[in-house]
Structure formats: C-alpha cells, structure tokens
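Novice: Input: one structure, supplied below.
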2 protein chains.
Amino acid sequence: MPAPYPSLSIPKRLLMGPGPSEVDPRVYHAMLQPVVGYLDQNLLRAMDEINAMLQTVFGTRNRGTFPIAGTGSAGMEASLINFIEPGDEVAVSVGGAFASRMCEMIVRAGGNLLRLDHAPGTVANPDDIRRAVRGKKLKVLAVVHSETSTGTLQPLQPLAEIAHEAGALLVVDTVSSLGGLPVDVDACGVDVCYSGTQKCLACPPGLSPFTFNERAADVVRGRKQPVQSWYLDLSMIEKYWAEERRYHHTPPVSMLYAFHEALRIIIEEGVDAVYARHLQCHRAFVHGIEALGLTMFVANPADRAATVNVIRIPDGVEDAKVRATLTARFGIEIGPGIGDLRAKIWRVGLMGQTAKPDLVLLLLNALETALTENGFSCPKGAGVAAAEQELQVAAK
Amino acid sequence: MPAPYPSLSIPKRLLMGPGPSEVDPRVYHAMLQPVVGYLDQNLLRAMDEINAMLQTVFGTRNRGTFPIAGTGSAGMEASLINFIEPGDEVAVSVGGAFASRMCEMIVRAGGNLLRLDHAPGTVANPDDIRRAVRGKKLKVLAVVHSETSTGTLQPLQPLAEIAHEAGALLVVDTVSSLGGLPVDVDACGVDVCYSGTQKCLACPPGLSPFTFNERAADVVRGRKQPVQSWYLDLSMIEKYWAEERRYHHTPPVSMLYAFHEALRIIIEEGVDAVYARHLQCHRAFVHGIEALGLTMFVANPADRAATVNVIRIPDGVEDAKVRATLTARFGIEIGPGIGDLRAKIWRVGLMGQTAKPDLVLLLLNALETALTENGFSCPKGAGVAAAEQELQVAAK
C-alpha cells in the first residue's frame, strides 16, 4: 500500500520548446465539461464541429477528417499501416528523427522501404526524389512537413506531383506545422495527413488530428488483408465519425472538449491571421538571435519552419547549463537536440500561444542573460532591439 | 470557413450505463494543472506515484505497470500483439462482445485462433477449457474478467493454472472490474492485464491501465520479429516509465493528472472498502430489481459482476422508450444491449462513483416510474424497499 500521496501541484513553466506548448486557460476549462456517453447528442454535435473546424485548419474538404485517440505517433502509425500491405514499396524522405520513425513503422508493417536521406537542416530536393522513385511501383511517399528535430520546412506540392506520377499516396507529417503554418492539404495534393494537438494547436497532448482523401480511402477499401491494428483501423474509426455513428472504441471525451475549444480559438482569430503571426514572430526571433551573435541551424532562410526555431549552440557553451538557467531563473523551457544533434542545437517553439511578440522579446532577453552567465558574451540588448525593429517593420 | 461555433455547454447526465461512468469533480479539476514537458521532474514524480497506486489497484508488484496512451481497446491490442507472433496458437474464452473483439485482434496479428465459446450470460467452465487446449502448444490464453456486454464475472485463478500448464500466458481484460472488484493479478497468477480509466476508476476515458509480469516480459524479449505496432510496443513504452526515461511518444499529460487524482480517491477510501461498497450496492440493486418483478440476465448469482448489472427487458416493454424516459425526466443514462442482445437487456453500471447506496435507490425509483409509464406494472415502492432492507442487513 503506497503512502497517501498529496494531490498534484505542478509548477507552471513557459513552454517554448518543440512541444508540448502553451495551452490557453479556455482549453483547460473546457475539460471541466461533464463526460457523457459515446452516443450523447451533445458529444456528437461537438464532434461534427471539430470535423468542420479541423477541415479549415487542414485546408481540406475531406470528410475523413477527425482526431485519432492517441498522441501524434498514433497518427503517424495510422497514416502508414492503413495504406501499406506487406511487400508494398514505400519511399520516405528523411532529414530528421521523425522521418526516421516513419521508416521504423513501415518496416514493422512489412513495407519494402526506400529510404531517401538528405542532410539534417536542409530540405529534400524534389529532383533527387523523382529520380530515386522512377520506375518503382510505389504505394506511398512519406514526408515530414516541419521536421521537429531540425526545424526545416519541406514544400509539399512538388512531392505530391512526384507521388502521383508514381501512382503513390503522399503521406505528410504536420505535427509541428498544423495550426501555425498553412498546410493546404487539398491545394497541395496531400492524400493523408496527421498532426498532434500539443504544438501549434495549443491543446494538451493526447489526440492526433488526421485527414485522408477519397484516393486514400480507395486504397483502404481495396486492401487484400485487414489493417494490422484494430485500434487504428481508419475504416472503423471513420464509421463512428460519420453519420452511422457505429461504435468502435470509447472516445477520449475530455480531450475532444479541449480540442473543440482549441480549434475555436484558432477559428476566432482566423487562420490567415494566425499564420501571419507565426511568420512575424519567427522573423523577429531570427533577427534577435543573429543580433546576439548566434546562428540558425537551418542555413537557408527559405527552408526554415517558422514554428520550430533551431539555434546552433555556440562552441564552448554548455547546453544543459543554459537551459537550466532559463528554467530555474525565468521559468522558461526550450528544447535540447535529440539523437546526433544532442548538445549541438536548441529548439525553440514559437507555436500557437507562444508565437506572440512579447514572448519572443522575453525569451531573447532571458537567453541573453543565460548565455552571458555561461561564458558567451552577447552585445547587450541587441537581441531584443533587433527583434523589435523587425516587429515594427512588419507592423507598417 | 465554418460558422464560429459557441463554446461547449454539455448537459450533465448521471452516467449509470456500462461506461463512461461518473467522474469526481476532483478529477476534472486535476486536469487544470499546467501541461509540462515529458521530462519535467514533477511529471515524472506523478508517473512514479501512478505506478505505485496502480500496482495496489491491480494487486501486483509488477514493475511494468502503467497506463497506455489510448482508450481500453488500445490496452486490449497491446495485451495481445506484444505477445503473439504470426502462427502462434492463441485461445480465447468467449462469452460476449469484448472477448470477440480480442479474437478479431488476434487474427489481425497473425495468431492461430482457438475460439472457445460459451453461452452469453454464463461463465466458462475451466474443465472445458482444459480439455480444449490439451496437447496444444499455446502461446496465450485470453479471457475477460467482467464481460461488459453481458455482466458475467469469470474467476481467474483456475484459468491461470490451465494457461501455465499449457506453457501459455494468461491475458485478462479487466475493463469493467478494475477498481471495483479485486483483480489480484499476482495472487491469481495473471500474466498480462489491462483496463480502461472510464469505468470503476471513475476517470475520463483516454488511458488504458496496464500491467505485465516478468514471465510476459520474457516473451516480449524473446520475440523473433518486432511488435507490429510501434506506438503500442511495450518494450519501448516501459523504457519511458522506467528509470531511464527514454523518450517514446509525448504522453497525454492532462489525462495522467486526472488518473493520478482518480487513483488517489480510491487509495484514500482503501481498496477493500471500495470493493465492499461495490458488492453491497450490487446486492441491494439486485434485490430491488427482483422486487420490481424483473430478472437479472445472468441467472447464477455467483456468476454476476457487481459492477455491470444486466437486466432482462420484460416482454412487451420497449427498450428505447424506457431509456428515453430515464434520460429525459431524470437525467439518468443506462446502457442498451449490444449485438445479439440489443433490445433484450439493459446494462446498469454501479461502478466507482455510481456504486453508492443513494444512487441505487434513486435509480430503482426512476426505473419503477419509467416502467410503469411504459406499460409494465411494478409493485409500488417495492424496489426501493427491498434494496433498503438489503442495505440495512449489510450495515449490521
């Protein structure tokens, strides 16, 4: 019998890492709505509204648009295993940890993996991909839009063309872009797309927003054998989200309430305004970082995701110490590098509620202090000044 | 662009169906704790406490004891796919819808299914199972403890003996029993066990409490090929819950806060007191139901789960009308039958927060009114009187 633990009292952090990111109090409060049964009319209406608002954020009219009952990786798995059968050829464009994770899932699903690596911190060259898949009978081309491990942004439209030329579906990870950058599923020709709620959508982690078009649905309908996962079988999940409301599994009701409110906040502001805000904050932050004497990990400005801002750690500066200073003194969390990039980069999320000018300035100020204390001399006040100048230019 | 939907305003129901069931306000409020990063020390401490409290509820000292990041069916899938490889012999004792679901998952996992059916509303006879598996090289014997679709309770210890004689693991579904009835994982010899948070644990749906012992862990370690699901791969999930804290996927933080508080409520009351309360309410309810002239679906009292109370719908009474009266006039939800039992039974959950004497009486009273209005004449006040008498006997 364990000791009677006290109730939780979790200190608030300002979450400016690569996710989870800040959650609006309105979203927390939505979870106080009472849990109801899975066929309660009020829940079903909320689900229809989630479907409509999520279509707007994805930029799609796909009927098959809903959150999957698991975190982002559950969506990643659903986006692959529903469309792949053993022996199918599947190509993945890999420039970071999350594309690598896709590869692992494809192998587990029995897919015949064609892994197309490019250097971390760069985006894939469509011509290289076109050459690599030429003559292949490709089932799926998978790619990460905003690679959360490196901060790159991969343009999707050229890859959709290549996928469709090869008779394949384009599957896209938008975990750290959806809700912060235009994804434009329909306009770009994306067939299958998933995300997570805990980044730009500014909701607690626990759901994976998902969409797939009729072309992708045809692939599911034409399967020779059932999807290996019952829980993530899209043909069953969609029957609960569609008019027939066929029971599949008990939905995570409180998470749906939270997601409904998070989507409302985005729709209220307007998606174009949201995207403009993310871009503006990103630009101001980059100006500030460069004025402090730091450099961005992604060399080409056009290749940078506005949402995940990746900074090179200067020589001689200790990763953990700077982050510890930020947390202990200012209550701010930024993210470390993962895998080969550990201790080489910091990842700063300007996503959803943290893509705000005041937080950009606040972080630049805190970073200047933390760097100075840890032996890296920055020009005093230069980061904030440069960012403010950029924000004023944008405001004109 | 959808219309700006209003914020949610979900009417409160008294949830006395087979789940989701009532959630304590303390649990809702725990979800207001701020989301933090997946390596935040405060979150890790909460996870350790969840592990310890969940061990108590499962009746186990298994280190591998944690909630999986999906609803109950995700736990069901994890309990099977991690231990089964293509071609393995897997037996399932089937007396209802949830055992049938296990069969479907086993086939998808490539298991060689031995389906052992018994009549719905009865429990399996261990001798029949022993005979059926004799001489088989069995990898897993799977069984449902409390079959949520029929209200039966299967004793586990005899099945553990049979599984172990056959060299198999015993996998047990405790979705509608954990936290309401003793499960006694270690004492019964259960190797793998999962549940859902939204029944007796009185927490919103979204997590699947899970435990597996060293014998089961050895089977995972000895696999010839990786588990087909990356998301539900126990060998990866346990590395995040263990001291090494290796990142797997972003945990559903707010759901963990809720679950921590739900477990605290159970530990505060004491698990033995909780189990006694469930049994007492069940007995009082059955007395009341029989005094109203109704009969329980499970004929043998010893075979009934105290948590899911299943009533036969009397001839000539319309299922939907009675349930509609209960909801419209009294705000109470009870559950319909599913599958072949649709329109033949009602399922009443006395689980967690609804296993309370006052709610038993309240429901019996409302049921009497609803039945009377829908053409079934009950002896006036007899249900409440019989239940109260039973509660007084128990109190002595």
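Chains: A, B, ... in order of the structure tokens. Residues: from 1 per chain. Ligands: from 1, in order shown.
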Chain A residues within 6 Å of chain B, counting only C-alpha atoms: which ones, as a CSV table (one decimal) with N, CA and C atoms, in the first residue's frame?
Specialist:
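The resulting file, out-v4.csv, is shown below:
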```
chain,number,residue,atom,x,y,z
A,12,LYS,N,4.0,25.9,-13.0
A,12,LYS,CA,3.8,26.4,-14.3
A,12,LYS,C,5.2,26.7,-15.0
A,28,TYR,N,-8.1,24.5,-21.0
A,28,TYR,CA,-8.1,23.7,-19.7
A,28,TYR,C,-9.6,23.7,-19.2
A,32,LEU,N,-13.5,20.7,-18.0
A,32,LEU,CA,-14.4,20.6,-16.9
A,32,LEU,C,-15.8,20.2,-17.3
A,34,PRO,N,-18.8,18.0,-18.4
A,34,PRO,CA,-19.0,16.7,-17.9
A,34,PRO,C,-18.9,15.6,-19.0
A,70,GLY,N,-5.0,9.0,-29.8
A,70,GLY,CA,-3.7,8.7,-29.3
A,70,GLY,C,-2.8,10.0,-29.6
A,74,ALA,N,0.6,8.0,-32.8
A,74,ALA,CA,-0.5,7.1,-33.1
A,74,ALA,C,-1.0,7.5,-34.5
A,108,ARG,N,8.1,-2.4,-39.8
A,108,ARG,CA,7.2,-3.2,-38.9
A,108,ARG,C,5.9,-3.6,-39.7
A,205,PRO,N,-1.5,17.3,-25.1
A,205,PRO,CA,-1.2,16.2,-25.9
A,205,PRO,C,-2.3,15.1,-25.6
A,206,GLY,N,-2.6,14.2,-26.6
A,206,GLY,CA,-3.5,13.1,-26.4
A,206,GLY,C,-4.3,12.8,-27.6
A,228,GLN,N,-3.4,-4.2,-39.8
A,228,GLN,CA,-2.9,-5.0,-38.7
A,228,GLN,C,-3.4,-4.5,-37.3
A,231,TYR,N,-7.3,-1.0,-33.4
A,231,TYR,CA,-7.5,0.3,-32.8
A,231,TYR,C,-7.3,1.4,-33.8
A,252,PRO,N,-12.0,9.6,-26.2
A,252,PRO,CA,-11.4,10.3,-25.1
A,252,PRO,C,-12.2,11.7,-25.0
```
Novice: Fewer than 4 positions away in the same chain doesn't count, so skip those; otherwise give me all residues within 10 Å of Phe58 (chain B), counting only C-alpha atoms, as a PDB file with C-alpha atoms, in the first residue's frame.
Specialist:
```pdb
ATOM      1  CA  MET B  53      -1.046   3.346  -6.785  1.00  0.00           C
ATOM      2  CA  LEU B  54      -1.917   1.338  -9.877  1.00  0.00           C
ATOM      3  CA  ASN B  62       4.936  -5.847 -11.422  1.00  0.00           C
ATOM      4  CA  THR B  65       2.539  -1.224 -14.517  1.00  0.00           C
ATOM      5  CA  THR B 174     -10.482  -6.064 -16.540  1.00  0.00           C
ATOM      6  CA  LEU B 178     -10.533  -2.917 -12.121  1.00  0.00           C
ATOM      7  CA  GLY B 179     -11.094  -0.535  -9.235  1.00  0.00           C
ATOM      8  CA  LEU B 181     -13.659  -5.678  -7.757  1.00  0.00           C
ATOM      9  CA  PRO B 182     -10.463  -7.333  -6.544  1.00  0.00           C
ATOM     10  CA  VAL B 183      -8.415  -8.335  -9.556  1.00  0.00           C
ATOM     11  CA  ASP B 184      -5.473  -9.764  -7.581  1.00  0.00           C
ATOM     12  CA  VAL B 185      -3.123 -10.063 -10.531  1.00  0.00           C
ATOM     13  CA  ASP B 186      -0.259 -11.628  -8.573  1.00  0.00           C
ATOM     14  CA  CYS B 193      -3.829  -7.404 -17.611  1.00  0.00           C
ATOM     15  CA  TYR B 194      -5.378  -4.205 -18.951  1.00  0.00           C
ATOM     16  CA  SER B 195      -8.325  -1.981 -18.152  1.00  0.00           C
ATOM     17  CA  PRO B 209      -4.123   0.914 -17.251  1.00  0.00           C
ATOM     18  CA  PHE B 210      -1.801  -1.988 -17.992  1.00  0.00           C
ATOM     19  CA  THR B 211       0.386  -4.470 -16.139  1.00  0.00           C
TER      20      THR B 211
END
```
Novice: Could you pull out the helix (DSSP H, G or I) residues of region 190-342 of chain B, going by DSSP on the backbone, and write them as number ranges by chain?
Specialist: B: 214-221, 234-241, 253-269, 271-291, 301-303, 319-330, 339-341
Novice: Do a neighbour search on region 133-149 of chain B at 8 Å with only C-alpha atoms, toss out local chain neighbours closer than 2 positions, and write the hits as an mmCIF file with C-alpha atoms, in the first residue's frame.
Specialist:
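Generated output (around_17.cif):
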```
data_model
loop_
_atom_site.group_PDB
_atom_site.id
_atom_site.type_symbol
_atom_site.label_atom_id
_atom_site.label_comp_id
_atom_site.auth_asym_id
_atom_site.auth_seq_id
_atom_site.Cartn_x
_atom_site.Cartn_y
_atom_site.Cartn_z
ATOM 1 C CA PRO B 18 -21.637 0.412 -18.694
ATOM 2 C CA PHE B 83 2.984 -11.479 -27.041
ATOM 3 C CA ILE B 84 1.776 -13.048 -30.264
ATOM 4 C CA ASP B 88 1.241 -18.711 -32.590
ATOM 5 C CA GLU B 89 -1.632 -20.683 -31.067
ATOM 6 C CA VAL B 90 -3.919 -18.387 -29.074
ATOM 7 C CA ALA B 91 -7.050 -19.490 -27.221
ATOM 8 C CA VAL B 92 -9.827 -17.105 -26.194
ATOM 9 C CA SER B 93 -12.705 -17.877 -23.880
ATOM 10 C CA VAL B 94 -15.660 -16.068 -25.472
ATOM 11 C CA GLY B 95 -18.967 -15.214 -23.851
ATOM 12 C CA GLY B 96 -19.553 -11.707 -25.155
ATOM 13 C CA ALA B 97 -18.633 -8.815 -27.408
ATOM 14 C CA PHE B 98 -15.338 -7.872 -25.805
ATOM 15 C CA ALA B 99 -13.895 -11.378 -25.943
ATOM 16 C CA MET B 102 -9.953 -9.973 -28.786
ATOM 17 C CA ILE B 129 -11.069 -25.041 -21.482
ATOM 18 C CA ARG B 130 -8.539 -27.508 -20.095
ATOM 19 C CA ARG B 131 -9.847 -30.187 -22.445
ATOM 20 C CA GLY B 151 -22.411 -8.741 -16.856
ATOM 21 C CA THR B 152 -20.645 -12.021 -16.057
ATOM 22 C CA LEU B 153 -17.614 -12.406 -13.816
ATOM 23 C CA GLN B 154 -15.084 -15.078 -14.726
ATOM 24 C CA PRO B 155 -12.949 -16.458 -11.857
ATOM 25 C CA LEU B 156 -9.346 -16.088 -12.938
ATOM 26 C CA ALA B 163 -2.661 -21.369 -19.072
ATOM 27 C CA ALA B 166 -0.079 -25.249 -21.307
ATOM 28 C CA GLY B 167 3.009 -23.035 -21.175
ATOM 29 C CA ALA B 168 0.914 -20.007 -22.090
ATOM 30 C CA LEU B 169 0.457 -16.526 -20.718
ATOM 31 C CA LEU B 170 -2.899 -15.620 -19.207
ATOM 32 C CA VAL B 171 -4.099 -12.296 -20.658
ATOM 33 C CA VAL B 172 -7.056 -10.717 -18.869
ATOM 34 C CA ASP B 173 -9.444 -7.878 -19.730
ATOM 35 C CA THR B 174 -10.482 -6.064 -16.540
ATOM 36 C CA VAL B 175 -12.029 -3.027 -18.236
ATOM 37 C CA SER B 176 -15.194 -3.095 -16.158
ATOM 38 C CA SER B 177 -13.795 -4.690 -12.995
ATOM 39 C CA ALA B 305 -20.134 -8.990 -11.906
ATOM 40 C CA VAL B 308 -22.091 -4.287 -14.664
ATOM 41 C CA GLY B 337 -27.605 -4.265 -25.105
ATOM 42 C CA ILE B 338 -25.156 -4.578 -27.973
ATOM 43 C CA ARG B 347 -26.864 -2.658 -18.621
#
```
Novice: What is the distance, in Å and to one decimal place, between CA of Ala320 (chain A) and CA of Pro357 (chain A)?
Specialist: 25.9 Å
Novice: Report as a list in words all protein, DNA and RNA residues lying within 10 Å of Arg329 (chain A), evaluated on only C-alpha atoms, omitting residues in the same chain fewer than 4 positions from it.
Specialist: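 In the requested format, the answer is Ala324, Thr325, Ala366, Thr369 and Ala370 of chain A.
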Novice: Contacts of Gln392 (chain A) at 12 Å or less, counting only C-alpha atoms, minus same-chain residues fewer than 2 places along, as a PyMOL selection string?
Specialist: chain A and resi 280-281+283-284+357+385-390+394-396
Novice: If I take CA of His287 (chain B) and CA of Asp315 (chain B), how far is one from the other in Å, to one decimal?
Specialist: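 Result for CA of His287 (chain B) versus CA of Asp315 (chain B): 20.3 Å, one decimal.
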Novice: How many Å lie between CA of Glu85 (chain A) and CA of Tyr240 (chain A), rounded to one decimal?
Specialist: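 It comes out at 24.1 Å.
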Novice: Skipping near chain neighbours, those fewer than 3 positions away, what residues fall within 8 Å of Asp319 (chain A) using only C-alpha atoms, listed as a list in words?
Specialist: Ile313, Val322, Arg323, Pro336, Ala343, Lys344, Ile345 and Trp346 of chain A
Novice: Please return as an MDAnalysis selection string: the residues of region 91-127 of chain A that backbone DSSP assigns to strand (DSSP E).
Specialist: chainID A and resid 91:94 112:117
Novice: Can you spit out the residues from that selection as an mmCIF file, in the first residue's frame, using N, CA and C atoms?
Specialist:
```cif
data_model
loop_
_atom_site.group_PDB
_atom_site.id
_atom_site.type_symbol
_atom_site.label_atom_id
_atom_site.label_comp_id
_atom_site.auth_asym_id
_atom_site.auth_seq_id
_atom_site.Cartn_x
_atom_site.Cartn_y
_atom_site.Cartn_z
ATOM 1 N N ALA A 91 8.456 4.861 -50.080
ATOM 2 C CA ALA A 91 9.612 5.751 -50.014
ATOM 3 C C ALA A 91 9.399 6.797 -48.932
ATOM 4 N N VAL A 92 10.469 7.099 -48.202
ATOM 5 C CA VAL A 92 10.406 8.144 -47.192
ATOM 6 C C VAL A 92 11.555 9.117 -47.414
ATOM 7 N N SER A 93 11.226 10.392 -47.418
ATOM 8 C CA SER A 93 12.249 11.431 -47.490
ATOM 9 C C SER A 93 12.682 11.743 -46.058
ATOM 10 N N VAL A 94 13.958 11.491 -45.745
ATOM 11 C CA VAL A 94 14.407 11.537 -44.355
ATOM 12 C C VAL A 94 15.461 12.616 -44.134
ATOM 13 N N ASN A 112 8.267 -2.432 -48.033
ATOM 14 C CA ASN A 112 9.592 -2.526 -48.642
ATOM 15 C C ASN A 112 10.128 -1.103 -48.691
ATOM 16 N N LEU A 113 11.014 -0.772 -47.753
ATOM 17 C CA LEU A 113 11.393 0.626 -47.511
ATOM 18 C C LEU A 113 12.447 1.132 -48.485
ATOM 19 N N LEU A 114 12.157 2.294 -49.084
ATOM 20 C CA LEU A 114 13.148 3.032 -49.866
ATOM 21 C C LEU A 114 13.406 4.322 -49.094
ATOM 22 N N ARG A 115 14.546 4.346 -48.398
ATOM 23 C CA ARG A 115 14.853 5.483 -47.532
ATOM 24 C C ARG A 115 15.706 6.484 -48.293
ATOM 25 N N LEU A 116 15.209 7.711 -48.417
ATOM 26 C CA LEU A 116 15.897 8.735 -49.207
ATOM 27 C C LEU A 116 16.393 9.823 -48.263
ATOM 28 N N ASP A 117 17.652 9.700 -47.856
ATOM 29 C CA ASP A 117 18.205 10.638 -46.868
ATOM 30 C C ASP A 117 18.694 11.931 -47.507
#
```
